$ cat protein-v7.txt   # compact mmCIF, C-alpha atoms and all ligand atoms
# COMPACT_ATOMS: atom_id res chain seq x y z
CA MET B 1 0.00 0.00 0.00
CA LYS B 2 1.36 3.37 -0.98
CA PHE B 3 0.22 6.92 -0.74
CA LYS B 4 1.83 10.28 -1.04
CA ARG B 5 4.15 11.57 1.61
CA SER B 6 2.08 14.73 1.99
CA VAL B 7 -1.02 12.69 2.73
CA ALA B 8 0.83 10.74 5.38
CA ALA B 9 2.13 13.93 6.93
CA LEU B 10 -1.36 15.42 6.98
CA LEU B 11 -2.75 12.39 8.69
CA VAL B 12 -0.05 12.54 11.31
CA LEU B 13 -0.58 16.25 11.89
CA ALA B 14 -4.31 15.74 12.14
CA GLY B 15 -3.74 13.08 14.74
CA LEU B 16 -1.34 15.12 16.79
CA ALA B 17 -3.38 18.32 16.54
CA ALA B 18 -6.32 16.41 17.88
CA CYS B 19 -4.72 15.95 21.27
CA GLN B 20 -6.66 17.77 23.95
CA GLN B 21 -6.22 18.57 27.59
CA VAL B 22 -9.09 17.29 29.65
CA ARG B 23 -10.24 17.02 33.23
CA THR B 24 -11.86 13.65 33.68
CA THR B 25 -12.74 14.17 37.34
CA ASP B 26 -13.33 16.91 39.91
CA GLY B 27 -10.67 17.18 42.57
CA GLY B 28 -12.59 15.83 45.57
CA ALA B 29 -11.38 16.44 49.11
CA ILE B 30 -8.05 14.75 48.35
CA GLY B 31 -7.50 17.19 45.45
CA VAL B 32 -6.41 15.23 42.39
CA GLU B 33 -6.24 18.09 39.89
CA ARG B 34 -3.85 16.93 37.14
CA LYS B 35 -5.00 17.68 33.59
CA GLN B 36 -4.71 14.81 31.14
CA THR B 37 -3.81 14.69 27.46
CA MET B 38 -6.15 12.64 25.32
CA VAL B 39 -6.17 11.95 21.61
CA SER B 40 -9.63 13.13 20.59
CA LEU B 41 -9.88 10.38 17.95
CA LEU B 42 -10.26 8.06 20.88
CA SER B 43 -13.43 8.96 22.76
CA ASN B 44 -14.37 7.80 26.21
CA GLU B 45 -17.35 6.02 24.65
CA GLN B 46 -15.11 4.06 22.28
CA VAL B 47 -12.82 2.96 25.08
CA ASN B 48 -15.78 1.97 27.26
CA GLN B 49 -17.25 0.01 24.39
CA MET B 50 -14.01 -1.92 23.83
CA ALA B 51 -13.76 -2.60 27.55
CA ALA B 52 -17.39 -3.73 27.76
CA GLN B 53 -16.82 -6.15 24.89
CA SER B 54 -13.73 -7.64 26.44
CA TYR B 55 -15.47 -7.85 29.85
CA ALA B 56 -18.43 -9.63 28.23
CA ASP B 57 -16.04 -12.15 26.67
CA THR B 58 -14.40 -12.77 30.06
CA ILE B 59 -17.77 -13.24 31.74
CA SER B 60 -18.97 -15.62 29.08
CA LYS B 61 -15.78 -17.72 29.26
CA ALA B 62 -15.85 -17.87 33.06
CA GLY B 63 -19.55 -18.78 32.94
CA LYS B 64 -18.92 -21.69 30.56
CA GLU B 65 -16.16 -22.94 32.82
CA GLY B 66 -18.37 -22.70 35.92
CA ARG B 67 -16.14 -20.04 37.52
CA LEU B 68 -18.53 -17.08 37.34
CA ASN B 69 -20.02 -16.07 40.69
CA SER B 70 -19.86 -19.71 41.71
CA ASP B 71 -18.68 -18.58 45.14
CA VAL B 72 -22.07 -17.22 46.17
CA LYS B 73 -20.95 -15.85 49.52
CA ALA B 74 -17.99 -13.94 48.04
CA THR B 75 -20.16 -12.59 45.24
CA ARG B 76 -22.80 -11.31 47.65
CA ARG B 77 -20.11 -9.71 49.77
CA VAL B 78 -18.29 -7.99 46.90
CA ARG B 79 -21.56 -6.72 45.42
CA ALA B 80 -22.71 -5.30 48.75
CA ILE B 81 -19.45 -3.35 49.01
CA ALA B 82 -19.81 -2.09 45.44
CA ASP B 83 -23.36 -0.94 46.23
CA ARG B 84 -21.97 1.38 48.87
CA LEU B 85 -18.98 2.59 46.86
CA ILE B 86 -20.62 3.34 43.52
CA PRO B 87 -22.90 6.20 44.74
CA GLN B 88 -19.76 7.98 46.02
CA VAL B 89 -18.37 8.42 42.49
CA ALA B 90 -20.57 11.51 42.06
CA VAL B 91 -18.02 13.50 44.07
CA PHE B 92 -15.50 12.97 41.27
CA ARG B 93 -17.77 12.77 38.23
CA ARG B 94 -21.55 12.81 38.19
CA ASP B 95 -21.84 11.08 34.81
CA ALA B 96 -20.31 7.93 36.32
CA LEU B 97 -23.51 7.45 38.32
CA SER B 98 -25.22 6.42 35.11
CA TRP B 99 -22.47 4.08 33.88
CA GLN B 100 -23.49 0.47 33.33
CA TRP B 101 -21.67 -0.78 36.42
CA GLU B 102 -21.19 -4.52 36.69
CA VAL B 103 -19.72 -6.48 39.58
CA ASN B 104 -18.69 -10.11 39.29
CA VAL B 105 -16.48 -12.61 41.07
CA GLU B 106 -14.35 -15.15 39.25
CA THR B 107 -13.26 -18.33 41.00
CA SER B 108 -9.52 -18.32 40.43
CA PRO B 109 -6.45 -18.75 42.65
CA GLU B 110 -4.88 -15.58 41.23
CA LEU B 111 -4.41 -12.47 43.34
CA ASN B 112 -6.30 -10.15 41.06
CA ALA B 113 -9.05 -7.57 40.85
CA TYR B 114 -9.81 -4.82 38.38
CA CYS B 115 -12.32 -2.25 37.23
CA ALA B 116 -12.29 -1.96 33.44
CA PRO B 117 -13.14 1.39 31.81
CA GLY B 118 -16.81 2.26 32.17
CA GLY B 119 -17.25 0.46 35.51
CA LYS B 120 -16.79 -3.26 34.87
CA ILE B 121 -15.59 -4.69 38.17
CA MET B 122 -14.08 -8.14 38.67
CA PHE B 123 -12.71 -9.73 41.82
CA TYR B 124 -10.90 -13.07 41.90
CA THR B 125 -11.61 -15.36 44.83
CA GLY B 126 -7.84 -15.87 45.17
CA ILE B 127 -7.16 -12.37 46.45
CA ILE B 128 -10.05 -12.49 48.93
CA GLU B 129 -9.11 -15.88 50.36
CA LYS B 130 -5.32 -15.80 50.29
CA LEU B 131 -5.08 -12.32 51.82
CA LYS B 132 -8.04 -12.97 54.13
CA LEU B 133 -9.45 -9.59 53.14
CA SER B 134 -11.79 -7.73 55.48
CA ASP B 135 -14.69 -5.75 53.98
CA ASP B 136 -12.70 -2.55 54.54
CA GLU B 137 -9.77 -4.03 52.61
CA ILE B 138 -11.97 -5.19 49.74
CA ALA B 139 -13.36 -1.63 49.65
CA ALA B 140 -9.79 -0.29 49.52
CA ILE B 141 -8.94 -2.41 46.48
CA MET B 142 -12.26 -1.71 44.80
CA GLY B 143 -12.01 2.04 45.39
CA HIS B 144 -8.51 2.05 43.94
CA GLU B 145 -9.55 0.12 40.84
CA MET B 146 -12.70 2.23 40.36
CA ALA B 147 -10.51 5.33 40.50
CA HIS B 148 -8.51 4.14 37.47
CA ALA B 149 -11.80 3.93 35.56
CA LEU B 150 -13.08 7.33 36.80
CA ARG B 151 -9.82 9.01 35.79
CA GLU B 152 -9.91 7.21 32.42
CA HIS B 153 -6.36 6.05 32.93
CA GLY B 154 -6.87 3.37 30.28
CA ARG B 155 -7.81 5.97 27.68
CA GLU B 156 -4.91 8.13 28.75
CA ARG B 157 -2.47 5.26 28.22
CA MET B 158 -4.02 4.48 24.86
CA SER B 159 -3.68 8.15 23.92
CA GLU B 160 -0.02 8.11 24.88
CA ALA B 161 0.57 4.96 22.89
CA TYR B 162 -1.32 6.43 19.97
CA ALA B 163 0.70 9.64 19.98
CA LYS B 164 3.92 7.65 20.22
CA GLN B 165 2.87 5.44 17.35
CA MET B 166 2.00 8.55 15.34
CA GLY B 167 5.51 9.82 15.93
CA LEU B 168 7.02 6.51 14.92
CA GLN B 169 4.89 6.40 11.81
CA LEU B 170 5.97 9.90 10.88
CA LEU B 171 9.60 8.91 11.23
CA SER B 172 9.04 5.77 9.25
CA ALA B 173 7.12 7.62 6.56
CA PHE B 174 9.91 10.07 5.96
CA THR B 175 12.79 7.67 6.28
CA LYS B 176 11.69 4.52 4.55
CA GLY B 177 8.54 5.52 2.77
CA LYS B 178 6.62 2.70 4.38
CA TYR B 179 3.02 3.32 5.29
CA ASP B 180 1.72 -0.15 5.82
CA GLN B 181 2.10 0.14 9.54
CA TYR B 182 -0.86 2.49 9.67
CA MET B 183 -2.88 -0.64 9.26
CA GLY B 184 -3.54 -2.33 12.54
CA MET B 185 -2.44 0.68 14.55
CA ALA B 186 -5.60 0.64 16.63
CA ASP B 187 -4.87 -2.98 17.49
CA GLN B 188 -1.34 -2.15 18.53
CA VAL B 189 -2.49 0.78 20.60
CA SER B 190 -5.11 -1.15 22.50
CA ALA B 191 -2.68 -4.03 23.05
CA ILE B 192 -0.17 -1.58 24.52
CA ALA B 193 -2.78 0.04 26.73
CA ILE B 194 -3.97 -3.29 28.06
CA SER B 195 -0.60 -4.92 28.61
CA LEU B 196 1.31 -1.94 29.94
CA PRO B 197 1.16 -1.39 33.66
CA HIS B 198 -0.07 1.85 35.13
CA SER B 199 2.43 4.61 35.80
CA ARG B 200 3.32 5.78 39.27
CA THR B 201 1.26 8.91 38.70
CA HIS B 202 -1.77 6.82 37.89
CA GLU B 203 -1.19 4.64 40.92
CA SER B 204 -0.90 7.58 43.30
CA GLU B 205 -4.07 9.14 41.92
CA ALA B 206 -5.93 5.84 42.24
CA ASP B 207 -4.72 5.46 45.83
CA ALA B 208 -5.91 8.93 46.79
CA ILE B 209 -9.30 8.72 45.09
CA GLY B 210 -9.75 5.16 46.37
CA LEU B 211 -9.23 6.34 49.96
CA GLU B 212 -11.85 9.04 49.58
CA LEU B 213 -14.38 6.72 47.92
CA SER B 214 -14.09 4.10 50.65
CA ALA B 215 -14.13 6.68 53.48
CA ARG B 216 -17.28 8.29 52.08
CA ALA B 217 -18.88 4.85 51.79
CA GLY B 218 -18.22 4.27 55.49
CA TYR B 219 -15.26 1.90 55.08
CA ASP B 220 -12.22 2.52 57.25
CA PRO B 221 -9.61 4.10 54.95
CA ARG B 222 -6.82 2.86 57.24
CA ALA B 223 -7.55 -0.59 55.83
CA ALA B 224 -5.68 0.47 52.70
CA ILE B 225 -2.52 0.44 54.77
CA SER B 226 -3.09 -2.98 56.34
CA LEU B 227 -3.90 -4.18 52.86
CA TRP B 228 -0.60 -3.06 51.33
CA ASN B 229 1.25 -4.59 54.24
CA LYS B 230 -0.49 -7.91 53.53
CA MET B 231 0.32 -7.52 49.85
CA SER B 232 3.99 -7.06 50.42
CA GLU B 233 4.12 -10.01 52.80
CA ALA B 234 2.22 -12.22 50.40
CA SER B 235 4.27 -11.22 47.41
CA GLU B 236 7.80 -11.33 48.81
CA GLY B 237 9.50 -9.61 45.93
CA GLN B 238 7.03 -11.05 43.44
CA PRO B 239 4.08 -8.69 43.53
CA PRO B 240 0.76 -9.79 42.04
CA GLN B 241 0.67 -8.98 38.36
CA PHE B 242 -1.92 -6.23 38.62
CA LEU B 243 0.23 -4.46 41.18
CA SER B 244 3.57 -5.19 39.57
CA THR B 245 4.60 -1.62 38.93
CA HIS B 246 2.75 0.00 41.73
CA PRO B 247 5.06 2.32 43.66
CA SER B 248 7.10 0.67 46.36
CA ASN B 249 4.96 -0.27 49.32
CA GLN B 250 6.69 2.14 51.62
CA THR B 251 6.22 5.12 49.29
CA ARG B 252 2.61 4.19 48.83
CA ILE B 253 1.99 3.77 52.55
CA ASN B 254 3.64 7.13 53.32
CA ASN B 255 1.52 8.88 50.70
CA MET B 256 -1.65 7.34 52.05
CA GLN B 257 -0.73 8.18 55.64
CA SER B 258 -0.42 11.82 54.64
CA LEU B 259 -4.00 11.76 53.31
CA MET B 260 -5.53 10.28 56.49
CA PRO B 261 -6.27 13.66 58.13
CA THR B 262 -8.35 14.50 55.04
CA VAL B 263 -10.26 11.22 54.68
CA LEU B 264 -10.77 10.10 58.30
CA PRO B 265 -13.34 12.86 59.00
CA LEU B 266 -15.27 11.74 55.89
CA TYR B 267 -15.26 8.21 57.28
CA GLU B 268 -16.48 9.41 60.70
CA THR B 269 -19.31 11.39 59.11
CA ALA B 270 -20.36 8.44 56.97
CA ARG B 271 -20.33 6.13 60.01
CA LYS B 272 -22.48 8.48 62.06
CA LYS B 273 -24.99 8.57 59.23
CA GLY B 274 -24.95 4.75 59.42
ZN ZN B 301 -3.62 0.49 40.29
$ encode --input "protein-v7.txt" --output "structure tokens"
Amino acid sequence: MKFKRSVAALLVLAGLAACQQVRTTDGGAIGVERKQTMVSLLSNEQVNQMAAQSYADTISKAGKEGRLNSDVKATRRVRAIADRLIPQVAVFRRDALSWQWEVNVETSPELNAYCAPGGKIMFYTGIIEKLKLSDDEIAAIMGHEMAHALREHGRERMSEAYAKQMGLQLLSAFTKGKYDQYMGMADQVSAIAISLPHSRTHESEADAIGLELSARAGYDPRAAISLWNKMSEASEGQPPQFLSTHPSNQTRINNMQSLMPTVLPLYETARKKG
């Protein structure tokens, strides 16, 4: 496939020019205010749609294998916690109240949990059982994972990958005259966004927002600290995959400690309200 150099350059420029600075969430009490750069070709709706599709595939596979919500007690527990956390998202973004939230539990020995873009939550029984998680600790993990979705960290990573690819394509176009790589770029970008771990910035934001979500839902935010202590004991130098590039436990614990004076009063208020 060949087309003129000028056309390729135009495409690249169009792509780069279409980067925009956005605020995905309001700051909340913990004050996450960083502006994010998104490629406007990649809308929130598109990302959510991709995530919903992949989540549906996961659900269907787990269902066929008898691993979907087969642990009835764990499923009831995780869903009850989600029911208290989800209404709190309005503090950060009101539109998330009307997302199609889904909460499921997969029977698997892995230490894993996630919230895919658009509010698709999954907990593995492995993390609940092996770490003997309390409700407060489950809320800490869930709040953290929900925060990644609220901040659209997935879309931000895809945007970064997209912009990088654009740059690479530009280089390639002018050096070798090869354009074929434009094909399949979306595939590459989504593969990168899914396989690449979150950055430290993303992790810190998710920690902070997660603390506020769980405190407002009436879950003790200090559980986040006992949780990370359990994690580091359980992992012994081999952290669970979904946490593999999370900041070092000590850095993370220090950061969360510094937010306690902000979130503990929210927790007290929520508890008094019952
Ligand atoms: Zn994370």
$ residues_around --input "protein-v7.txt" --residues "stretch 68-76 of chain B" --least-positions-apart "5" --cutoff "6 Å" --atoms "only C-alpha atoms" --output "JSON, numbers by chain"
{"B": [62, 63, 105, 106]}
$ atom_distance --input "protein-v7.txt" --atom1 "atom CA of B:Val78" --atom2 "atom CA of B:Glu33"
29.6 Å
$ atom_distance --input "protein-v7.txt" --atom1 "atom CA of B:Ile59" --atom2 "atom CA of B:Trp99"
18.1 Å
$ closest_residue --input "protein-v7.txt" --among "B:Met122, B:Ser134, B:Leu41, B:Gly154" --to "B:Ser199" --atoms "only C-alpha atoms"
B:Gly154
$ residues_around --input "protein-v7.txt" --residues "B:Gly218" --least-positions-apart "2" --cutoff "10 Å" --atoms "all atoms listed in the file" --output "ChimeraX atom specification"
/B:84-85,136,139,212-216,220-221,264,266-274
$ closest_residue --input "protein-v7.txt" --among "B:Ala234, B:Ala217, B:Val263, B:Ala208" --to "ligand ZN 301 (chain B)" --atoms "only C-alpha atoms and all ligand atoms"
B:Ala208
$ closest_residue --input "protein-v7.txt" --among "B:Trp228, B:Phe92, B:Tyr219, B:Tyr124" --to "ligand ZN 301 (chain B)" --atoms "only C-alpha atoms and all ligand atoms"
B:Trp228
$ closest_residue --input "protein-v7.txt" --among "B:Arg34, B:Lys61, B:His153, B:His144" --to "ligand ZN 301 (chain B)" --atoms "all atoms listed in the file"
B:His144
$ residues_around --input "protein-v7.txt" --residues "B:Gln20" --least-positions-apart "3" --cutoff "7 Å" --atoms "only C-alpha atoms" --output "JSON, numbers by chain"
{"B": [37, 38, 39, 40]}
$ atom_distance --input "protein-v7.txt" --atom1 "atom CA of B:Ala56" --atom2 "atom CA of B:Asn44"
18.0 Å
$ axis_aligned_box --input "protein-v7.txt" --around "stretch 55-59 of chain B" --padding-each-side "8 Å" --output "JSON"
{"center_x": -16.4, "center_y": -10.5, "center_z": 29.2, "size_x": 20.0, "size_y": 21.4, "size_z": 21.1}
$ residues_near_point --input "protein-v7.txt" --point "(-14.5, -4.4, 35.2)" --cutoff "9 Å" --atoms "all atoms listed in the file" --output "number ranges by chain"
B: 51-52, 55, 101-104, 113-123, 145-146, 149
$ closest_residue --input "protein-v7.txt" --among "B:Met231, B:Ala224, B:Ser43, B:Ile209" --to "B:Gly28" --atoms "all atoms listed in the file"
B:Ile209
$ closest_residue --input "protein-v7.txt" --among "B:His198, B:Ala163, B:Pro261, B:Asp95" --to "B:Ala18" --atoms "all atoms listed in the file"
B:Ala163
$ build_atoms --input "protein-v7.txt" --residues "stretch 109-129 of chain B" --atoms "N, CA and C atoms" --output "JSON list (two decimals), in the coordinates of the input"
[["chain", "number", "residue", "atom", "x", "y", "z"],
["B", 109, "PRO", "N", -7.43, -18.89, 41.57],
["B", 109, "PRO", "CA", -6.45, -18.75, 42.65],
["B", 109, "PRO", "C", -5.63, -17.46, 42.55],
["B", 110, "GLU", "N", -5.71, -16.77, 41.42],
["B", 110, "GLU", "CA", -4.88, -15.58, 41.23],
["B", 110, "GLU", "C", -5.23, -14.45, 42.19],
["B", 111, "LEU", "N", -4.19, -13.69, 42.55],
["B", 111, "LEU", "CA", -4.41, -12.47, 43.34],
["B", 111, "LEU", "C", -4.71, -11.36, 42.36],
["B", 112, "ASN", "N", -5.98, -11.15, 42.07],
["B", 112, "ASN", "CA", -6.30, -10.15, 41.06],
["B", 112, "ASN", "C", -7.66, -9.53, 41.29],
["B", 113, "ALA", "N", -7.79, -8.31, 40.84],
["B", 113, "ALA", "CA", -9.05, -7.57, 40.85],
["B", 113, "ALA", "C", -8.86, -6.39, 39.91],
["B", 114, "TYR", "N", -9.93, -6.00, 39.24],
["B", 114, "TYR", "CA", -9.81, -4.82, 38.38],
["B", 114, "TYR", "C", -11.16, -4.16, 38.18],
["B", 115, "CYS", "N", -11.12, -2.92, 37.70],
["B", 115, "CYS", "CA", -12.32, -2.25, 37.23],
["B", 115, "CYS", "C", -12.00, -1.73, 35.84],
["B", 116, "ALA", "N", -12.55, -2.37, 34.82],
["B", 116, "ALA", "CA", -12.29, -1.96, 33.44],
["B", 116, "ALA", "C", -12.99, -0.63, 33.16],
["B", 117, "PRO", "N", -12.52, 0.12, 32.14],
["B", 117, "PRO", "CA", -13.14, 1.39, 31.81],
["B", 117, "PRO", "C", -14.67, 1.28, 31.71],
["B", 118, "GLY", "N", -15.35, 2.26, 32.24],
["B", 118, "GLY", "CA", -16.81, 2.26, 32.17],
["B", 118, "GLY", "C", -17.47, 1.54, 33.34],
["B", 119, "GLY", "N", -16.67, 1.02, 34.28],
["B", 119, "GLY", "CA", -17.25, 0.46, 35.51],
["B", 119, "GLY", "C", -17.51, -1.04, 35.51],
["B", 120, "LYS", "N", -16.64, -1.79, 34.89],
["B", 120, "LYS", "CA", -16.79, -3.26, 34.87],
["B", 120, "LYS", "C", -15.83, -3.88, 35.89],
["B", 121, "ILE", "N", -16.41, -4.22, 37.05],
["B", 121, "ILE", "CA", -15.59, -4.69, 38.17],
["B", 121, "ILE", "C", -15.48, -6.21, 38.21],
["B", 122, "MET", "N", -14.28, -6.70, 38.50],
["B", 122, "MET", "CA", -14.08, -8.14, 38.67],
["B", 122, "MET", "C", -13.16, -8.38, 39.86],
["B", 123, "PHE", "N", -13.58, -9.28, 40.72],
["B", 123, "PHE", "CA", -12.71, -9.73, 41.82],
["B", 123, "PHE", "C", -12.45, -11.22, 41.64],
["B", 124, "TYR", "N", -11.23, -11.65, 41.92],
["B", 124, "TYR", "CA", -10.90, -13.07, 41.90],
["B", 124, "TYR", "C", -11.01, -13.58, 43.34],
["B", 125, "THR", "N", -11.49, -14.80, 43.48],
["B", 125, "THR", "CA", -11.61, -15.36, 44.83],
["B", 125, "THR", "C", -10.23, -15.49, 45.49],
["B", 126, "GLY", "N", -9.19, -15.68, 44.65],
["B", 126, "GLY", "CA", -7.84, -15.87, 45.17],
["B", 126, "GLY", "C", -7.38, -14.74, 46.07],
["B", 127, "ILE", "N", -7.65, -13.52, 45.66],
["B", 127, "ILE", "CA", -7.16, -12.37, 46.45],
["B", 127, "ILE", "C", -7.94, -12.28, 47.77],
["B", 128, "ILE", "N", -9.22, -12.58, 47.72],
["B", 128, "ILE", "CA", -10.05, -12.49, 48.93],
["B", 128, "ILE", "C", -9.62, -13.55, 49.95],
["B", 129, "GLU", "N", -9.43, -14.76, 49.45],
["B", 129, "GLU", "CA", -9.11, -15.88, 50.36],
["B", 129, "GLU", "C", -7.67, -15.84, 50.85]]
